file final_3.txt (compact mmCIF, C-alpha atoms and all ligand atoms)
# COMPACT_ATOMS: atom_id res chain seq x y z
CA MET A 1 158.06 82.14 -199.02
CA GLY A 2 157.95 79.69 -201.92
CA ASN A 3 159.43 76.25 -202.16
CA GLN A 4 163.17 75.97 -201.78
CA VAL A 5 164.91 76.60 -205.09
CA SER A 6 167.07 73.67 -206.15
CA MET A 7 169.07 72.98 -209.25
CA LEU A 8 170.35 69.61 -208.14
CA ALA A 9 169.73 66.41 -210.06
CA LYS A 10 167.04 64.24 -208.47
CA HIS A 11 169.47 61.80 -206.91
CA SER A 12 171.36 64.65 -205.24
CA PHE A 13 168.38 66.56 -203.93
CA GLY A 14 168.48 67.12 -200.17
CA LYS A 15 172.06 65.90 -199.94
CA LYS A 16 173.84 67.46 -196.99
CA GLU A 17 175.53 66.30 -193.85
CA GLU A 18 175.73 67.87 -190.45
CA ASP A 19 179.43 67.81 -189.70
CA ILE A 20 179.09 67.04 -186.03
CA ILE A 21 182.84 66.77 -185.40
CA PHE A 22 183.40 70.18 -186.96
CA ALA A 23 180.51 71.62 -184.89
CA VAL A 24 181.89 70.23 -181.62
CA ASN A 25 185.36 71.49 -182.48
CA THR A 26 184.02 74.99 -183.23
CA ALA A 27 182.05 75.00 -179.97
CA ALA A 28 185.20 74.01 -178.06
CA ASN A 29 187.21 76.79 -179.70
CA GLU A 30 184.48 79.35 -178.92
CA LYS A 31 184.42 78.25 -175.30
CA ALA A 32 188.22 78.51 -175.14
CA LYS A 33 187.95 82.19 -176.09
CA ILE A 34 185.80 82.75 -173.01
CA VAL A 35 187.38 80.53 -170.34
CA GLY A 36 190.91 80.11 -171.73
CA LYS A 37 192.35 77.35 -173.91
CA GLU A 38 193.95 75.61 -170.95
CA ASN A 39 190.55 75.09 -169.33
CA VAL A 40 188.91 73.38 -172.29
CA ILE A 41 189.25 69.70 -173.19
CA ASN A 42 188.50 69.21 -176.86
CA ALA A 43 188.20 65.46 -177.44
CA SER A 44 186.62 65.80 -180.88
CA ILE A 45 189.66 65.80 -183.16
CA GLY A 46 190.58 62.59 -184.98
CA ALA A 47 194.30 63.24 -185.31
CA PHE A 48 197.17 62.53 -182.94
CA LEU A 49 197.97 65.72 -181.04
CA ASP A 50 200.97 66.39 -178.85
CA ARG A 51 200.93 67.76 -175.30
CA ASP A 52 200.82 71.34 -176.65
CA GLY A 53 197.93 70.59 -179.01
CA SER A 54 200.06 70.52 -182.18
CA LEU A 55 199.73 67.74 -184.76
CA VAL A 56 202.15 64.87 -184.18
CA THR A 57 204.22 64.18 -187.28
CA PHE A 58 207.01 61.64 -187.58
CA PRO A 59 210.44 63.27 -188.12
CA THR A 60 211.63 60.39 -190.31
CA VAL A 61 208.69 60.81 -192.69
CA GLU A 62 209.27 64.56 -192.81
CA LYS A 63 212.94 64.05 -193.63
CA VAL A 64 212.15 61.54 -196.37
CA MET A 65 209.59 63.90 -197.90
CA LYS A 66 212.03 66.82 -197.90
CA ASP A 67 214.68 64.80 -199.70
CA LEU A 68 212.39 63.77 -202.58
CA SER A 69 212.72 65.37 -205.99
CA PHE A 70 210.07 67.97 -206.68
CA VAL A 71 210.26 67.45 -210.43
CA GLU A 72 209.74 63.72 -210.07
CA SER A 73 206.89 64.10 -207.61
CA ALA A 74 205.24 66.79 -209.75
CA SER A 75 204.82 64.46 -212.70
CA TYR A 76 201.83 62.12 -212.95
CA ALA A 77 201.85 58.77 -211.20
CA PRO A 78 200.41 55.80 -213.14
CA ILE A 79 196.63 55.53 -212.76
CA ALA A 80 196.81 52.42 -210.55
CA GLY A 81 199.88 53.67 -208.69
CA MET A 82 203.64 53.31 -209.02
CA PRO A 83 204.51 49.59 -209.32
CA GLU A 84 207.03 49.81 -206.47
CA PHE A 85 204.44 51.54 -204.31
CA GLN A 86 201.98 48.73 -204.99
CA GLN A 87 204.63 46.21 -203.95
CA ALA A 88 205.60 48.23 -200.87
CA ALA A 89 201.97 48.50 -199.76
CA ILE A 90 201.56 44.71 -200.10
CA ASP A 91 204.82 43.94 -198.26
CA LEU A 92 204.22 46.40 -195.43
CA THR A 93 200.62 45.32 -194.97
CA PHE A 94 201.30 41.62 -194.62
CA ALA A 95 204.85 41.67 -193.18
CA GLN A 96 205.63 38.01 -192.40
CA TYR A 97 201.96 37.00 -192.53
CA LYS A 98 201.34 37.05 -196.28
CA PRO A 99 198.69 34.39 -197.00
CA LYS A 100 200.18 31.34 -198.72
CA ASP A 101 199.42 30.30 -202.32
CA MET A 102 197.16 33.27 -203.08
CA HIS A 103 197.13 35.99 -205.75
CA PHE A 104 197.55 39.65 -204.86
CA LYS A 105 197.26 43.04 -206.47
CA ALA A 106 197.28 46.58 -205.11
CA ILE A 107 195.92 49.82 -206.51
CA SER A 108 196.82 53.24 -205.16
CA THR A 109 193.93 55.21 -203.69
CA PRO A 110 193.57 58.64 -202.07
CA GLY A 111 193.94 57.48 -198.45
CA GLY A 112 192.08 54.46 -197.17
CA SER A 113 188.84 56.23 -198.13
CA GLY A 114 189.43 55.74 -201.85
CA GLY A 115 189.58 51.97 -201.46
CA ILE A 116 186.34 51.89 -199.48
CA HIS A 117 184.73 53.92 -202.25
CA HIS A 118 185.85 51.62 -205.03
CA ALA A 119 184.94 48.46 -203.10
CA ILE A 120 181.39 49.73 -202.60
CA TRP A 121 181.14 50.87 -206.21
CA ASN A 122 182.55 47.80 -207.91
CA TYR A 123 181.26 45.00 -205.68
CA THR A 124 177.67 46.11 -205.06
CA ASP A 125 174.87 47.37 -207.30
CA THR A 126 172.63 50.40 -207.00
CA GLY A 127 170.11 49.84 -204.20
CA ASP A 128 172.17 47.04 -202.62
CA LYS A 129 172.89 46.71 -198.94
CA VAL A 130 176.43 47.09 -197.63
CA LEU A 131 177.12 45.57 -194.22
CA THR A 132 179.22 46.89 -191.33
CA SER A 133 179.10 46.75 -187.53
CA ASP A 134 176.66 48.85 -185.50
CA TRP A 135 179.49 51.00 -184.17
CA PHE A 136 181.13 52.35 -187.30
CA TRP A 137 183.03 55.22 -188.90
CA GLY A 138 180.36 57.63 -190.21
CA PRO A 139 181.81 58.09 -193.72
CA TYR A 140 180.97 54.42 -194.48
CA ARG A 141 177.35 55.52 -194.51
CA THR A 142 178.09 58.73 -196.43
CA MET A 143 179.91 56.77 -199.13
CA ALA A 144 177.23 54.09 -199.36
CA THR A 145 174.51 56.76 -199.65
CA GLU A 146 176.52 58.78 -202.15
CA MET A 147 176.62 55.71 -204.41
CA GLY A 148 172.95 54.80 -203.95
CA ARG A 149 173.61 51.89 -201.59
CA GLU A 150 172.20 51.31 -198.12
CA LEU A 151 174.42 50.72 -195.10
CA THR A 152 173.12 48.06 -192.71
CA ASN A 153 174.57 46.79 -189.48
CA PHE A 154 175.34 43.72 -187.41
CA ARG A 155 176.25 43.78 -183.72
CA LEU A 156 179.95 44.49 -183.25
CA TYR A 157 180.06 42.59 -179.97
CA ASP A 158 177.75 40.33 -177.99
CA GLU A 159 176.70 40.36 -174.31
CA ASN A 160 180.14 39.06 -173.35
CA LYS A 161 181.79 41.80 -175.38
CA ASN A 162 183.14 39.31 -177.92
CA PHE A 163 183.00 39.91 -181.67
CA ASP A 164 179.57 38.79 -182.86
CA THR A 165 180.41 36.47 -185.76
CA ALA A 166 176.97 34.85 -185.52
CA ASP A 167 175.15 38.15 -186.01
CA MET A 168 177.50 39.14 -188.83
CA TYR A 169 176.69 35.97 -190.79
CA LYS A 170 173.00 36.18 -189.95
CA LYS A 171 173.00 39.55 -191.73
CA VAL A 172 175.15 38.21 -194.57
CA GLU A 173 172.59 35.44 -195.14
CA GLU A 174 169.77 37.97 -195.13
CA ILE A 175 171.65 39.92 -197.78
CA PHE A 176 172.16 36.74 -199.82
CA THR A 177 168.39 36.29 -200.07
CA THR A 178 168.22 39.35 -202.33
CA GLN A 179 171.81 39.93 -203.55
CA ASP A 180 174.50 37.74 -205.09
CA ASN A 181 177.26 39.84 -203.53
CA ALA A 182 177.64 40.61 -199.84
CA LEU A 183 180.20 43.30 -199.07
CA VAL A 184 181.20 43.51 -195.40
CA LEU A 185 183.29 46.42 -194.12
CA LEU A 186 185.32 45.42 -191.06
CA ASN A 187 187.53 47.91 -189.25
CA SER A 188 190.02 46.02 -187.11
CA PRO A 189 192.36 46.22 -185.26
CA ALA A 190 191.96 49.45 -183.29
CA HIS A 191 188.46 50.13 -184.54
CA ASN A 192 187.15 53.67 -184.91
CA PRO A 193 185.27 54.72 -182.77
CA THR A 194 185.55 52.02 -180.05
CA GLY A 195 189.16 50.80 -180.05
CA PHE A 196 187.81 47.23 -180.35
CA SER A 197 190.03 44.61 -182.03
CA MET A 198 188.97 41.25 -183.32
CA THR A 199 191.07 38.39 -181.92
CA TYR A 200 192.87 35.78 -184.01
CA GLU A 201 190.09 33.33 -183.05
CA ASP A 202 187.45 35.84 -184.23
CA TRP A 203 189.17 35.98 -187.60
CA GLN A 204 189.39 32.20 -187.73
CA ALA A 205 185.63 32.02 -187.22
CA VAL A 206 184.98 34.75 -189.81
CA VAL A 207 187.10 32.92 -192.39
CA GLU A 208 185.62 29.47 -191.64
CA GLU A 209 182.03 30.72 -191.72
CA GLY A 210 182.78 32.72 -194.86
CA LYS A 211 184.13 29.59 -196.59
CA LYS A 212 180.99 27.67 -195.62
CA ARG A 213 178.76 30.35 -197.13
CA THR A 214 180.67 30.63 -200.38
CA GLU A 215 181.79 27.08 -201.27
CA ASN A 216 179.52 25.97 -204.14
CA SER A 217 176.87 28.49 -203.07
CA GLY A 218 176.75 30.74 -206.13
CA LYS A 219 177.00 33.70 -203.75
CA ASN A 220 180.00 36.02 -203.47
CA LEU A 221 181.47 37.30 -200.23
CA ILE A 222 183.73 40.35 -200.23
CA LEU A 223 185.41 41.23 -196.95
CA PHE A 224 186.85 44.73 -196.93
CA ILE A 225 189.26 45.04 -194.03
CA ASP A 226 189.96 48.60 -193.03
CA ILE A 227 193.33 48.66 -191.27
CA ALA A 228 193.68 52.45 -190.97
CA TYR A 229 194.95 52.17 -187.36
CA ILE A 230 196.86 48.87 -187.48
CA ASP A 231 200.25 50.44 -186.77
CA PHE A 232 198.96 51.61 -183.40
CA ALA A 233 197.79 48.13 -182.40
CA PRO A 234 199.95 45.70 -180.39
CA GLU A 235 202.63 43.45 -181.91
CA GLY A 236 201.14 40.43 -183.58
CA SER A 237 198.08 42.31 -184.85
CA ARG A 238 198.86 41.28 -188.43
CA LYS A 239 198.96 37.55 -187.76
CA PHE A 240 195.33 37.10 -188.84
CA PHE A 241 196.30 37.88 -192.45
CA GLU A 242 197.80 34.38 -192.72
CA LEU A 243 194.27 32.98 -192.41
CA PHE A 244 193.24 34.31 -195.82
CA THR A 245 194.50 31.27 -197.61
CA ASP A 246 192.75 28.44 -199.44
CA LEU A 247 189.64 30.59 -199.96
CA PRO A 248 187.00 29.67 -202.53
CA PRO A 249 187.31 31.85 -205.65
CA ASN A 250 184.08 33.65 -204.76
CA PHE A 251 185.44 34.76 -201.36
CA LEU A 252 187.47 37.91 -201.99
CA VAL A 253 189.42 39.85 -199.36
CA ILE A 254 190.29 43.51 -199.93
CA ILE A 255 192.48 45.34 -197.46
CA GLY A 256 192.32 49.12 -197.08
CA PHE A 257 195.85 50.44 -196.49
CA SER A 258 196.20 54.05 -195.39
CA MET A 259 199.23 56.30 -194.84
CA SER A 260 197.18 58.91 -192.96
CA LYS A 261 197.80 57.77 -189.41
CA SER A 262 200.64 55.28 -189.76
CA TYR A 263 202.88 57.80 -191.55
CA THR A 264 201.19 61.01 -190.27
CA MET A 265 200.41 61.92 -193.87
CA TYR A 266 196.69 62.64 -193.49
CA GLY A 267 196.66 65.49 -196.00
CA TYR A 268 198.83 63.78 -198.60
CA ARG A 269 195.97 61.42 -199.41
CA THR A 270 197.90 58.22 -199.97
CA GLY A 271 196.67 54.68 -199.54
CA ALA A 272 195.95 51.47 -201.41
CA MET A 273 193.39 48.75 -201.82
CA ILE A 274 194.96 45.31 -201.77
CA ALA A 275 193.12 42.26 -203.03
CA VAL A 276 193.72 38.66 -201.96
CA SER A 277 192.14 35.83 -203.93
CA SER A 278 192.74 32.21 -204.85
CA SER A 279 191.60 33.04 -208.38
CA GLU A 280 193.86 34.79 -210.83
CA ASP A 281 190.77 35.84 -212.82
CA VAL A 282 189.24 37.54 -209.80
CA ILE A 283 192.49 39.40 -209.18
CA THR A 284 192.84 40.49 -212.80
CA GLU A 285 189.24 41.66 -212.81
CA PHE A 286 189.82 43.51 -209.50
CA TYR A 287 192.77 45.33 -211.03
CA GLU A 288 191.06 46.22 -214.29
CA ALA A 289 187.73 47.35 -212.83
CA ASN A 290 189.30 49.40 -210.04
CA GLN A 291 191.87 50.96 -212.33
CA PHE A 292 188.97 51.97 -214.59
CA SER A 293 187.21 53.51 -211.57
CA CYS A 294 190.35 55.47 -210.68
CA ARG A 295 190.31 56.97 -214.17
CA GLY A 296 186.59 57.54 -213.86
CA THR A 297 186.84 59.40 -210.53
CA TRP A 298 190.07 60.99 -209.29
CA SER A 299 192.41 59.85 -212.09
CA ASN A 300 195.77 59.21 -210.47
CA CYS A 301 196.82 59.73 -206.85
CA THR A 302 199.33 62.02 -205.18
CA LYS A 303 202.75 60.82 -206.24
CA ILE A 304 204.90 62.17 -203.42
CA GLY A 305 203.17 60.00 -200.82
CA GLN A 306 203.88 56.93 -202.94
CA MET A 307 207.50 57.98 -203.39
CA ALA A 308 207.87 58.42 -199.63
CA LEU A 309 206.59 54.91 -198.98
CA ILE A 310 208.92 53.43 -201.59
CA THR A 311 211.91 55.21 -199.99
CA LEU A 312 211.03 53.96 -196.53
CA TRP A 313 210.34 50.42 -197.75
CA LYS A 314 213.73 50.22 -199.48
CA ASP A 315 215.71 51.55 -196.54
CA LYS A 316 215.61 49.24 -193.53
CA GLU A 317 217.36 51.74 -191.27
CA LEU A 318 214.92 54.53 -192.05
CA MET A 319 212.00 52.18 -191.56
CA ALA A 320 213.37 51.03 -188.21
CA GLN A 321 213.71 54.65 -187.15
CA LEU A 322 210.13 55.39 -188.15
CA GLU A 323 208.89 52.31 -186.32
CA GLU A 324 210.61 53.50 -183.20
CA GLU A 325 208.99 56.93 -183.45
CA ARG A 326 205.62 55.31 -183.98
CA ALA A 327 206.11 52.92 -181.07
CA GLY A 328 206.76 55.89 -178.77
CA TYR A 329 203.43 57.43 -179.72
CA SER A 330 201.64 54.09 -179.47
CA ARG A 331 202.88 53.83 -175.89
CA ARG A 332 201.59 57.31 -175.16
CA LEU A 333 198.24 56.42 -176.65
CA ALA A 334 198.08 53.27 -174.53
CA ASN A 335 198.88 55.32 -171.47
CA ARG A 336 196.10 57.81 -172.21
CA ALA A 337 193.65 54.93 -172.66
CA ARG A 338 194.81 53.24 -169.46
CA ILE A 339 194.22 56.39 -167.40
CA PHE A 340 190.72 56.80 -168.83
CA LEU A 341 189.73 53.14 -168.51
CA GLU A 342 191.03 52.71 -164.95
CA GLU A 343 189.14 55.78 -163.83
CA ALA A 344 186.03 54.62 -165.73
CA GLU A 345 186.15 51.33 -163.91
CA SER A 346 186.60 52.94 -160.53
CA VAL A 347 183.61 55.27 -161.00
CA GLY A 348 181.45 52.59 -162.66
CA LEU A 349 181.36 54.11 -166.15
CA GLU A 350 180.68 51.55 -168.86
CA THR A 351 182.86 51.69 -171.96
CA CYS A 352 182.89 49.71 -175.19
CA PRO A 353 185.67 47.08 -175.21
CA TYR A 354 188.91 48.92 -176.03
CA GLU A 355 192.15 47.31 -177.11
CA SER A 356 194.04 50.02 -178.97
CA GLY A 357 193.61 52.99 -181.24
CA PHE A 358 192.83 56.67 -181.40
CA PHE A 359 189.35 56.60 -179.86
CA LEU A 360 187.30 54.97 -177.18
CA THR A 361 183.58 55.05 -176.72
CA VAL A 362 181.10 55.32 -173.88
CA PRO A 363 177.64 53.86 -174.63
CA ALA A 364 174.84 56.30 -173.70
CA ALA A 365 171.05 56.36 -174.00
CA ASN A 366 170.90 60.00 -175.03
CA PRO A 367 174.32 60.97 -176.41
CA PRO A 368 173.47 64.56 -177.53
CA ALA A 369 172.05 65.42 -174.07
CA VAL A 370 175.10 64.04 -172.25
CA ALA A 371 177.47 65.77 -174.67
CA ALA A 372 175.62 69.07 -174.17
CA LYS A 373 175.76 68.67 -170.39
CA LEU A 374 179.51 68.06 -170.56
CA THR A 375 180.13 71.28 -172.47
CA GLU A 376 179.13 73.06 -169.26
CA GLU A 377 182.14 71.32 -167.71
CA ASN A 378 184.26 72.49 -170.67
CA LEU A 379 184.54 68.93 -171.94
CA PHE A 380 183.76 68.51 -175.65
CA LEU A 381 182.98 65.01 -176.97
CA VAL A 382 181.38 63.84 -180.21
CA PRO A 383 177.90 62.38 -179.70
CA LEU A 384 177.32 59.30 -181.86
CA LYS A 385 174.09 57.39 -182.35
CA LYS A 386 174.77 54.96 -179.52
CA GLY A 387 177.26 56.77 -177.34
CA LEU A 388 180.01 59.33 -176.97
CA ARG A 389 183.34 59.20 -178.78
CA VAL A 390 186.39 60.20 -176.76
CA ALA A 391 189.31 61.10 -179.01
CA ILE A 392 192.14 60.16 -176.67
CA CYS A 393 194.48 60.79 -179.61
CA ALA A 394 193.87 64.51 -179.12
CA ILE A 395 194.13 64.76 -175.31
CA PRO A 396 197.39 64.77 -173.32
CA SER A 397 197.40 62.33 -170.41
CA ALA A 398 197.32 65.12 -167.81
CA ASN A 399 193.93 66.21 -169.14
CA ILE A 400 192.54 62.71 -169.31
CA GLU A 401 192.44 62.45 -165.56
CA GLY A 402 188.96 63.38 -164.36
CA MET A 403 187.25 62.90 -167.73
CA ALA A 404 185.59 59.59 -166.90
CA THR A 405 184.29 61.01 -163.61
CA LYS A 406 182.78 64.01 -165.40
CA ILE A 407 181.13 61.78 -168.00
CA LYS A 408 179.72 59.47 -165.35
CA LYS A 409 178.27 62.45 -163.45
CA ALA A 410 176.69 63.91 -166.59
CA MET A 411 175.14 60.54 -167.40
CA ASP A 412 173.70 60.13 -163.92
CA LEU A 413 171.95 63.53 -163.99
C1 LIG B 501 187.98 53.82 -189.70
C2 LIG B 501 188.69 54.64 -190.70
N1 LIG B 501 188.89 54.11 -191.90
C3 LIG B 501 189.51 54.78 -192.87
C4 LIG B 501 189.97 56.05 -192.64
C5 LIG B 501 190.59 56.63 -193.85
O1 LIG B 501 191.31 57.70 -193.74
P1 LIG B 501 192.14 58.23 -195.00
O2 LIG B 501 191.21 58.27 -196.15
O3 LIG B 501 192.60 59.55 -194.55
O4 LIG B 501 193.24 57.25 -195.18
C6 LIG B 501 189.78 56.67 -191.40
C7 LIG B 501 190.19 58.04 -191.12
O5 LIG B 501 189.79 58.70 -190.21
C8 LIG B 501 189.11 55.93 -190.41
O6 LIG B 501 188.91 56.44 -189.20
call {"tool": "encode", "arguments": {"input": "final_3.txt", "output": "structure tokens"}}
result
Amino acid sequence: MGNQVSMLAKHSFGKKEEDIIFAVNTAANEKAKIVGKENVINASIGAFLDRDGSLVTFPTVEKVMKDLSFVESASYAPIAGMPEFQQAAIDLTFAQYKPKDMHFKAISTPGGSGGIHHAIWNYTDTGDKVLTSDWFWGPYRTMATEMGRELTNFRLYDENKNFDTADMYKKVEEIFTTQDNALVLLNSPAHNPTGFSMTYEDWQAVVEEGKKRTENSGKNLILFIDIAYIDFAPEGSRKFFELFTDLPPNFLVIIGFSMSKSYTMYGYRTGAMIAVSSSEDVITEFYEANQFSCRGTWSNCTKIGQMALITLWKDKELMAQLEEERAGYSRRLANRARIFLEEAESVGLETCPYESGFFLTVPAANPPAVAAKLTEENLFLVPLKKGLRVAICAIPSANIEGMATKIKKAMDL
């Protein structure tokens, strides 16, 4: 046996990723063939599933999509997105909480992922550190690595389970000792994988501390706020946007808007990156550099998703209908979480602080061992570095009962 043959360029050598979610899903399906589908709980899937295991889609979105012109949607969209789509994404993101006296621009991206990609690419240099919390969505690391950056972490929450602003800025300052730009990826509200949401006061502290670190400092702070799950968070979850006002010109906020979950359009790959700045120059530069990167990567984005958003945004009745459909599913999600969390509390199972969202998380010392043990009970969870992810979005409430007890038992073994 000789050395492994490789034709990859040096920077790509050894590049591969164990798709743990796919592996857990396959294992669950294999087990279902043996013991019957009804006896297996597959909490690995990151999409909202109905009681019968089918993907939840919103009827209003489906209707809007069906009524769109194929010819129009088949033609190219502008590189940075349809102007009305850009406006719709801005309006729907901020609702009544648009920051005052600031400049804005949006660029269409393939899902929220595209915006994360461009933010990493255009606001950090090769070899730079990119900061996010210690519980985080795995693709942040994949994207940072893919672009030759290094993902580093701060503590998401402290001993009292409050957002750890102090640790975040400690890490930002460390980054500022070697970099002029600090890019921080924050996923709130309804964080994946924990369901944690920063409070309004947390955001106030983040903004105040950010101002202190940027005013006349010669250092640039870029906060990327990933709001992929915001439409499943409680009313009022957008209020923090109003805080992004009166920022120094070197404090840029970019918001990652995604239609995947909020409009059940996962596969249509539609989203936007929205910049907020007090400086018109920074906004113009944001638009030009990111538009260039669109051309230099995926070119333009799927047009039909943009057209669907424009239609919904222009029609108040349709939008109200969609919001009602979404609210129904948000209530179901909250119910699933409540069942799990009440049982967890009664059996003494620790969980990460959950507020809303598709997932919740159980901290564990040896996640792969606990996950393996649970497969014997026909319960399939995704082991993360620091715990187990429970995709309540994929489990009907009837099957949630008993899960916390099983997890607690497996952890005590
Ligand atoms: C935390 C988080 N951010 C962003 C996304 C982006 O998804 P998409 O690119 O499909 O919009 C996801 C999807 O799972 C996610 O969980």
call {"tool": "closest_residue", "arguments": {"input": "final_3.txt", "among": "A:Gln87, A:Thr126, A:Thr199, A:Thr302", "to": "Ser75 in chain A", "atoms": "all atoms listed in the file"}}
result
A:Thr302
call {"tool": "closest_residue", "arguments": {"input": "final_3.txt", "among": "A:His118, A:Asp231, A:Asp101, A:Ile392", "to": "Phe359 in chain A", "atoms": "all atoms listed in the file"}}
result
A:Ile392
call {"tool": "closest_residue", "arguments": {"input": "final_3.txt", "among": "A:Ile20, A:Ser262, A:Thr297, A:Gly81", "to": "Trp121 in chain A", "atoms": "only C-alpha atoms"}}
result
A:Thr297
call {"tool": "closest_residue", "arguments": {"input": "final_3.txt", "among": "A:Leu183, A:Ala372, A:Met265, A:Met102", "to": "ligand LIG 501 (chain B)", "atoms": "all atoms listed in the file"}}
result
A:Met265
call {"tool": "axis_aligned_box", "arguments": {"input": "final_3.txt", "around": "range 349-354 of chain A", "padding_each_side": "4 Å", "output": "lines of an AutoDock Vina configuration file"}}
result
center_x = 184.8
center_y = 50.6
center_z = -171.1
size_x = 16.2
size_y = 15.0
size_z = 17.9
call {"tool": "atom_distance", "arguments": {"input": "final_3.txt", "atom1": "CA of Asp158 in chain A", "atom2": "CA of Val362 in chain A"}}
result
15.9 Å
call {"tool": "residues_near_ligand", "arguments": {"input": "final_3.txt", "ligand": "ligand LIG 501 (chain B)", "cutoff": "6 Å", "atoms": "all atoms listed in the file", "output": "PyMOL selection string"}}
result
chain A and resi 111-113+137+187+192+226+228+258+260+266
call {"tool": "residues_around", "arguments": {"input": "final_3.txt", "residues": "Val61 in chain A", "least_positions_apart": "5", "cutoff": "12 Å", "atoms": "only C-alpha atoms", "output": "MDAnalysis selection string"}}
result
chainID A and resid 56 66:68 259:265 268 304:313 318:323 325:326
call {"tool": "residues_around", "arguments": {"input": "final_3.txt", "residues": "range 245-254 of chain A", "least_positions_apart": "6", "cutoff": "10 Å", "atoms": "all atoms listed in the file", "output": "ChimeraX atom specification"}}
result
/A:98-106,115-116,119,181-185,207-208,210-226,272-283,286
